[in-house]
Amino acid sequence: MKTTSPALLLSLGALAIATALGTGGCDEAPEQKDWTESLPPESSGPPEFCADKDIATATNDTGDPIGGGMGYSRGPASCDVEVDTAAALVDALEGAVAGQIVCVADGAEIDLTGQRDIPLYSGVTLAGHRGHAGSEGGLLFTDELDVIPALFVTDGDQVRLTGLRLRGPDTQIRTDAYEVPNSRAIQSSHRDLQVDNCELWGWSHGAVVLLEGADAQIHHNTIHHCRRTGLGYGVALDRASALIEANLFDWNRHSIAGTGWAGTSYEARFNYVLDNANSHAFDMHGGADRDDGTDIAGTTIRIHHNTFRLPSQPAVKIRGIPVDGAWLDHNWLVWSPERDALLQTHAQGHWVEADNCWALYPFPEHPNVPQPAAGELWGEWSFDEGQGSVAGDSSPQGNDGVLVDLDPATSWIEGTSGTALAFPGTSGHLDLGAGPSLGTLDPLAIDLQLRFDRFGEQETVLDDGVVRIFHRGGFAGDRLYFLFSIEEQVEGGESSWTGTTGIRTVTELVAGQWYHVVAIRIGDQLRLYVDGIEQQQADCLADYTVLHSAIDNLRVGSELAGAVDQLRIYPPEDVPDANHPPALSWAGESGYEDDGVAPDTGDGATTFSFRVRYTDADGHPPETGYPRLHLARNGTEDDDLGPLSMMAADDAPFTSGRTYVYSTRLPPGATYAYSFAANDAEGLAAQGTPTTLLAGPTLP
């Protein structure tokens, strides 16, 4: 076997990657180029709001799914040799010549512990069958912590790795970059490397490391759990360049990082970064990190049409000034008021932001929330008075509200727009008078901004005796109910109270957070939306008679410890068709009739396959990154084990049910439990037995 000399690993957190392969002298700072003749346009400033949180999927024009897997069309049509053991793999790669394809057999799990620097010669392809006929792809893994320079090292140009699962030895963050040895999956200093349709995880230093002179296409991969503190990269570049597109990233410290030396460049597009990271997602180091006396942060950085779902970490941090520039446009970003999602630090310049989209966490409202017809408001209270005992109604009805047992000095607070009306959790409320019963209005929409400061029981948001929106608490959890009083002495729909029928939210609310709540009645049907996502709809009034005689003054906020803002009552216009929640169920195959894992017992060498069926009556696909497998170890969900994005195992229609799979080994000596979660493409959460934690598998 041809070998490559060992590398000296240095942290990208402070210095460039330097190796005995020759990456150039780290003490030679390149001159910064005069680029004023090609100065890009001025920055358009911070991102503006955009409603589409899946911009990467919506604009992905590659023809293949983000993250690869089922539906990926670019796998090899044939193989020159197929292997299923470590010895056969090493021998096949040693003898391979340009143009040959070495394939890892479906279902093969090849233990490469003890191997490193396996050479991939010029023009050779190492392939698996990930996504073909439901295959997860052959698995290549190592349990040795020290895998430096890398498990696979290119020995020439035009190398390709495709359709494989590459599992490293360490998914932990740890306390220090060098607490234990490090590992890399793939290293290259050659041209035209292609890594596509692979799943790579557990590589403490980096999944793909590109050194001086390399250029690569890293596309349609799922890369996760590269998390080592101070390191932990999905793709790392040092004086190399790459097109990084249509990858699914999760649980990495930096999904993309560069040393920042001149000559380090990348374009990142159509990538989808899920919720979990222990630092910012896309990175480029600068001169301050290298301590080389410059502000240089790479050469060219182009970041566009990516989706970043990071609620607690910045999306991008460029730590200096790129030689040519950094262009950041048409990205969707989670944005919190207290921090920036796009950062340039240490030095400013050569930086362009344009046409990005942002939203507060959680995600922006779905566009299916109905709007009032022009001039048809039945009541509108903005609560922008900011003082006094009256809340004015700006609709033609003129139903001004009066504060009852509320102190005007403390009741007006900062709201979602202007001021809002706060309630202390007592019987104090806003009285909107004795207007027509809301139960007589059809169609009806009640639209407001709502915040709970703490949760109690029986908290009224709005109530006129006939129609009620309230928080029950206790056995019902922290959910909202939308109820109608009825003549029949029964409990209708989701109601647990005699003489009422109605629906409730699916997900529980969180104290301290503003929610946009819309409750709708259309004929016999009730619908309830939270932040634009339909929580539930049901024909709750079909078999009952509304009890109009229960009419009373319309009250807001009795017993509510929280605040209300921007209340509107109106007949909704252009109400969209109902979106039904998707369902998760057991796959029903042999071994999966009444649970989601097989086998049920094993040891540290057992591969456990988790399967679940996703069904959506509306035909909506799952949201990108879903379904997910959640694993609990010794009673606690463990970040080292997930949540993990699952791959489609068939291409059945969503209306009849598509099966998803994720296979993994588990550390022995622990008690495990699992569950599954999914959202549809509209953001509506799935329901069903598999969403509840179930014990298993058993590892004695």
# chains A, B, ... in the order shown; residues from 1 in each chain; ligands from 1
$ residues_around --residues "A:Pro667" --least-positions-apart "4" --cutoff "9 Å" --atoms "only C-alpha atoms" --output "compact mmCIF listing (two decimals) with N, CA, C and O atoms, in the first residue's frame"
# COMPACT_ATOMS: atom_id res chain seq x y z
N ASP A 603 -25.93 -6.34 21.15
CA ASP A 603 -24.79 -5.85 21.91
C ASP A 603 -24.11 -4.73 21.13
O ASP A 603 -24.69 -4.21 20.16
N GLY A 604 -22.91 -4.37 21.53
CA GLY A 604 -22.23 -3.24 20.90
C GLY A 604 -21.88 -3.47 19.45
O GLY A 604 -21.58 -2.51 18.72
N ALA A 605 -21.93 -4.72 18.98
CA ALA A 605 -21.63 -5.03 17.58
C ALA A 605 -22.89 -5.17 16.73
O ALA A 605 -22.80 -5.45 15.54
N LEU A 699 -29.70 -3.73 25.38
CA LEU A 699 -28.30 -4.11 25.26
C LEU A 699 -27.83 -4.57 26.64
O LEU A 699 -27.53 -3.73 27.50
$ select_by_dssp --residues "stretch 414-620 of chain A" --states "strand (DSSP E)" --output "count of residues only"
91
$ residues_around --residues "A:Arg130" --least-positions-apart "2" --cutoff "8 Å" --atoms "only C-alpha atoms" --output "number ranges by chain"
A: 69-70, 128, 132, 134-138, 163-165, 197-198
$ write_last_selection --atoms "all heavy atoms" --output "compact mmCIF listing (two decimals), in the first residue's frame"
# COMPACT_ATOMS: atom_id res chain seq x y z
N GLY A 69 -29.58 10.53 -0.63
CA GLY A 69 -30.48 9.46 -0.23
C GLY A 69 -31.48 9.13 -1.32
O GLY A 69 -31.18 9.23 -2.52
N MET A 70 -32.68 8.71 -0.91
CA MET A 70 -33.72 8.31 -1.85
C MET A 70 -33.97 9.41 -2.88
O MET A 70 -34.14 10.58 -2.51
CB MET A 70 -35.01 7.98 -1.11
CG MET A 70 -36.18 7.61 -2.00
SD MET A 70 -35.94 6.09 -2.92
CE MET A 70 -36.08 4.89 -1.59
N GLY A 128 -20.87 3.50 -2.83
CA GLY A 128 -21.91 2.68 -2.23
C GLY A 128 -23.20 2.94 -2.96
O GLY A 128 -23.23 3.66 -3.97
N HIS A 132 -30.42 4.01 -3.31
CA HIS A 132 -30.91 3.15 -4.38
C HIS A 132 -31.76 2.04 -3.80
O HIS A 132 -31.29 1.27 -2.94
CB HIS A 132 -29.73 2.56 -5.17
CG HIS A 132 -30.15 1.61 -6.25
ND1 HIS A 132 -30.80 2.04 -7.39
CD2 HIS A 132 -30.04 0.27 -6.36
CE1 HIS A 132 -31.06 1.01 -8.16
NE2 HIS A 132 -30.60 -0.08 -7.56
N GLY A 134 -33.90 2.04 -1.60
CA GLY A 134 -34.03 2.12 -0.15
C GLY A 134 -32.77 1.81 0.62
O GLY A 134 -32.81 1.77 1.86
N SER A 135 -31.65 1.61 -0.05
CA SER A 135 -30.40 1.29 0.65
C SER A 135 -29.89 2.50 1.42
O SER A 135 -29.92 3.63 0.93
CB SER A 135 -29.34 0.84 -0.36
OG SER A 135 -28.07 0.74 0.26
N GLU A 136 -29.40 2.24 2.64
CA GLU A 136 -28.74 3.30 3.40
C GLU A 136 -27.29 3.48 2.97
O GLU A 136 -26.66 4.46 3.36
CB GLU A 136 -28.78 2.97 4.89
CG GLU A 136 -30.17 3.01 5.49
CD GLU A 136 -30.14 2.74 6.97
OE1 GLU A 136 -29.94 3.71 7.75
OE2 GLU A 136 -30.29 1.56 7.36
N GLY A 137 -26.77 2.56 2.17
CA GLY A 137 -25.38 2.62 1.73
C GLY A 137 -24.49 1.78 2.62
O GLY A 137 -24.73 1.65 3.83
N GLY A 138 -23.46 1.19 2.02
CA GLY A 138 -22.50 0.43 2.81
C GLY A 138 -21.83 1.30 3.86
O GLY A 138 -21.59 2.49 3.64
N GLY A 163 -22.21 7.74 -2.22
CA GLY A 163 -23.18 6.74 -1.80
C GLY A 163 -22.78 5.90 -0.61
O GLY A 163 -23.29 4.79 -0.44
N LEU A 164 -21.89 6.41 0.25
CA LEU A 164 -21.37 5.64 1.37
C LEU A 164 -21.83 6.22 2.70
O LEU A 164 -22.26 7.38 2.78
CB LEU A 164 -19.84 5.65 1.34
CG LEU A 164 -19.18 4.97 0.14
CD1 LEU A 164 -17.73 5.42 0.02
CD2 LEU A 164 -19.26 3.45 0.27
N ARG A 165 -21.68 5.43 3.76
CA ARG A 165 -21.81 5.91 5.13
C ARG A 165 -20.43 5.78 5.77
O ARG A 165 -19.86 4.69 5.82
CB ARG A 165 -22.84 5.10 5.91
CG ARG A 165 -24.22 5.07 5.27
CD ARG A 165 -25.17 4.20 6.07
NE ARG A 165 -25.66 4.88 7.25
CZ ARG A 165 -26.04 4.28 8.37
NH1 ARG A 165 -25.94 2.97 8.49
NH2 ARG A 165 -26.49 4.97 9.40
N ASN A 197 -23.54 12.38 -1.93
CA ASN A 197 -24.53 11.40 -1.51
C ASN A 197 -24.00 10.48 -0.42
O ASN A 197 -24.31 9.30 -0.38
CB ASN A 197 -25.01 10.57 -2.72
CG ASN A 197 -26.21 9.71 -2.38
OD1 ASN A 197 -27.04 10.05 -1.54
ND2 ASN A 197 -26.31 8.56 -3.04
N CYS A 198 -23.20 11.01 0.48
CA CYS A 198 -22.68 10.23 1.61
C CYS A 198 -23.27 10.73 2.92
O CYS A 198 -23.69 11.89 3.01
CB CYS A 198 -21.14 10.34 1.68
SG CYS A 198 -20.26 9.56 0.32
$ residues_around --residues "A:Val564" --least-positions-apart "4" --cutoff "7 Å" --atoms "only C-alpha atoms" --output "list of chain:residue names"
A:Ala420, A:Leu421, A:Ala422, A:Leu448, A:Gln449, A:Leu450, A:Arg451
$ closest_residue --among "A:Val404, A:Ala88, A:Cys79, A:Val323" --to "A:Ile110" --atoms "only C-alpha atoms"
A:Ala88
$ residues_around --residues "A:Gly602" --least-positions-apart "5" --cutoff "8 Å" --atoms "only C-alpha atoms" --output "list in words"
Pro697, Thr698, Leu699 and Pro700 of chain A
$ residues_around --residues "A:Asp80" --least-positions-apart "2" --cutoff "8 Å" --atoms "only C-alpha atoms" --output "list in words"
Ser78, Glu82, Gln100, Ile101, Val102 and Cys103 of chain A
$ write_last_selection --atoms "all heavy atoms" --output "PDB file, in the first residue's frame"
ATOM      1  N   SER A  78     -22.639   1.114 -12.660  1.00  0.00           N
ATOM      2  CA  SER A  78     -22.064  -0.229 -12.544  1.00  0.00           C
ATOM      3  C   SER A  78     -20.816  -0.164 -11.678  1.00  0.00           C
ATOM      4  O   SER A  78     -20.339   0.926 -11.328  1.00  0.00           O
ATOM      5  CB  SER A  78     -21.724  -0.787 -13.924  1.00  0.00           C
ATOM      6  OG  SER A  78     -20.745   0.034 -14.566  1.00  0.00           O
ATOM      7  N   GLU A  82     -16.763  -5.329  -6.352  1.00  0.00           N
ATOM      8  CA  GLU A  82     -17.583  -5.095  -5.170  1.00  0.00           C
ATOM      9  C   GLU A  82     -16.950  -5.802  -3.982  1.00  0.00           C
ATOM     10  O   GLU A  82     -16.524  -6.956  -4.091  1.00  0.00           O
ATOM     11  CB  GLU A  82     -19.002  -5.603  -5.381  1.00  0.00           C
ATOM     12  CG  GLU A  82     -19.956  -5.226  -4.262  1.00  0.00           C
ATOM     13  CD  GLU A  82     -21.401  -5.500  -4.618  1.00  0.00           C
ATOM     14  OE1 GLU A  82     -21.814  -6.656  -4.471  1.00  0.00           O
ATOM     15  OE2 GLU A  82     -22.098  -4.563  -5.043  1.00  0.00           O
ATOM     16  N   GLN A 100     -11.810   3.311 -12.770  1.00  0.00           N
ATOM     17  CA  GLN A 100     -12.422   2.158 -12.131  1.00  0.00           C
ATOM     18  C   GLN A 100     -13.276   2.574 -10.933  1.00  0.00           C
ATOM     19  O   GLN A 100     -12.988   3.563 -10.254  1.00  0.00           O
ATOM     20  CB  GLN A 100     -11.358   1.154 -11.690  1.00  0.00           C
ATOM     21  CG  GLN A 100     -10.721   0.408 -12.853  1.00  0.00           C
ATOM     22  CD  GLN A 100      -9.872  -0.750 -12.392  1.00  0.00           C
ATOM     23  OE1 GLN A 100      -9.247  -0.704 -11.336  1.00  0.00           O
ATOM     24  NE2 GLN A 100      -9.826  -1.804 -13.206  1.00  0.00           N
ATOM     25  N   ILE A 101     -14.320   1.773 -10.694  1.00  0.00           N
ATOM     26  CA  ILE A 101     -15.250   2.021  -9.597  1.00  0.00           C
ATOM     27  C   ILE A 101     -15.205   0.831  -8.658  1.00  0.00           C
ATOM     28  O   ILE A 101     -15.509  -0.305  -9.045  1.00  0.00           O
ATOM     29  CB  ILE A 101     -16.679   2.231 -10.118  1.00  0.00           C
ATOM     30  CG1 ILE A 101     -16.724   3.429 -11.078  1.00  0.00           C
ATOM     31  CG2 ILE A 101     -17.653   2.442  -8.955  1.00  0.00           C
ATOM     32  CD1 ILE A 101     -18.064   3.601 -11.770  1.00  0.00           C
ATOM     33  N   VAL A 102     -14.812   1.100  -7.408  1.00  0.00           N
ATOM     34  CA  VAL A 102     -14.811   0.091  -6.358  1.00  0.00           C
ATOM     35  C   VAL A 102     -16.055   0.309  -5.509  1.00  0.00           C
ATOM     36  O   VAL A 102     -16.230   1.394  -4.932  1.00  0.00           O
ATOM     37  CB  VAL A 102     -13.539   0.176  -5.496  1.00  0.00           C
ATOM     38  CG1 VAL A 102     -13.597  -0.829  -4.352  1.00  0.00           C
ATOM     39  CG2 VAL A 102     -12.301  -0.045  -6.353  1.00  0.00           C
ATOM     40  N   CYS A 103     -16.921  -0.702  -5.429  1.00  0.00           N
ATOM     41  CA  CYS A 103     -18.191  -0.552  -4.727  1.00  0.00           C
ATOM     42  C   CYS A 103     -18.185  -1.327  -3.415  1.00  0.00           C
ATOM     43  O   CYS A 103     -17.656  -2.439  -3.341  1.00  0.00           O
ATOM     44  CB  CYS A 103     -19.348  -1.050  -5.590  1.00  0.00           C
ATOM     45  SG  CYS A 103     -19.724   0.023  -6.993  1.00  0.00           S
TER      46      CYS A 103
END
$ residues_around --residues "A:Ala685" --least-positions-apart "5" --cutoff "7 Å" --atoms "only C-alpha atoms" --output "PyMOL selection string"
chain A and resi 581-582+678-680
$ closest_residue --among "A:Val402, A:Leu560, A:Leu631, A:Ile148" --to "A:Arg665" --atoms "only C-alpha atoms"
A:Leu631
$ select_by_dssp --residues "stretch 59-176 of chain A" --states "alpha helix (DSSP H)" --output "PyMOL selection string"
chain A and resi 59+86-95
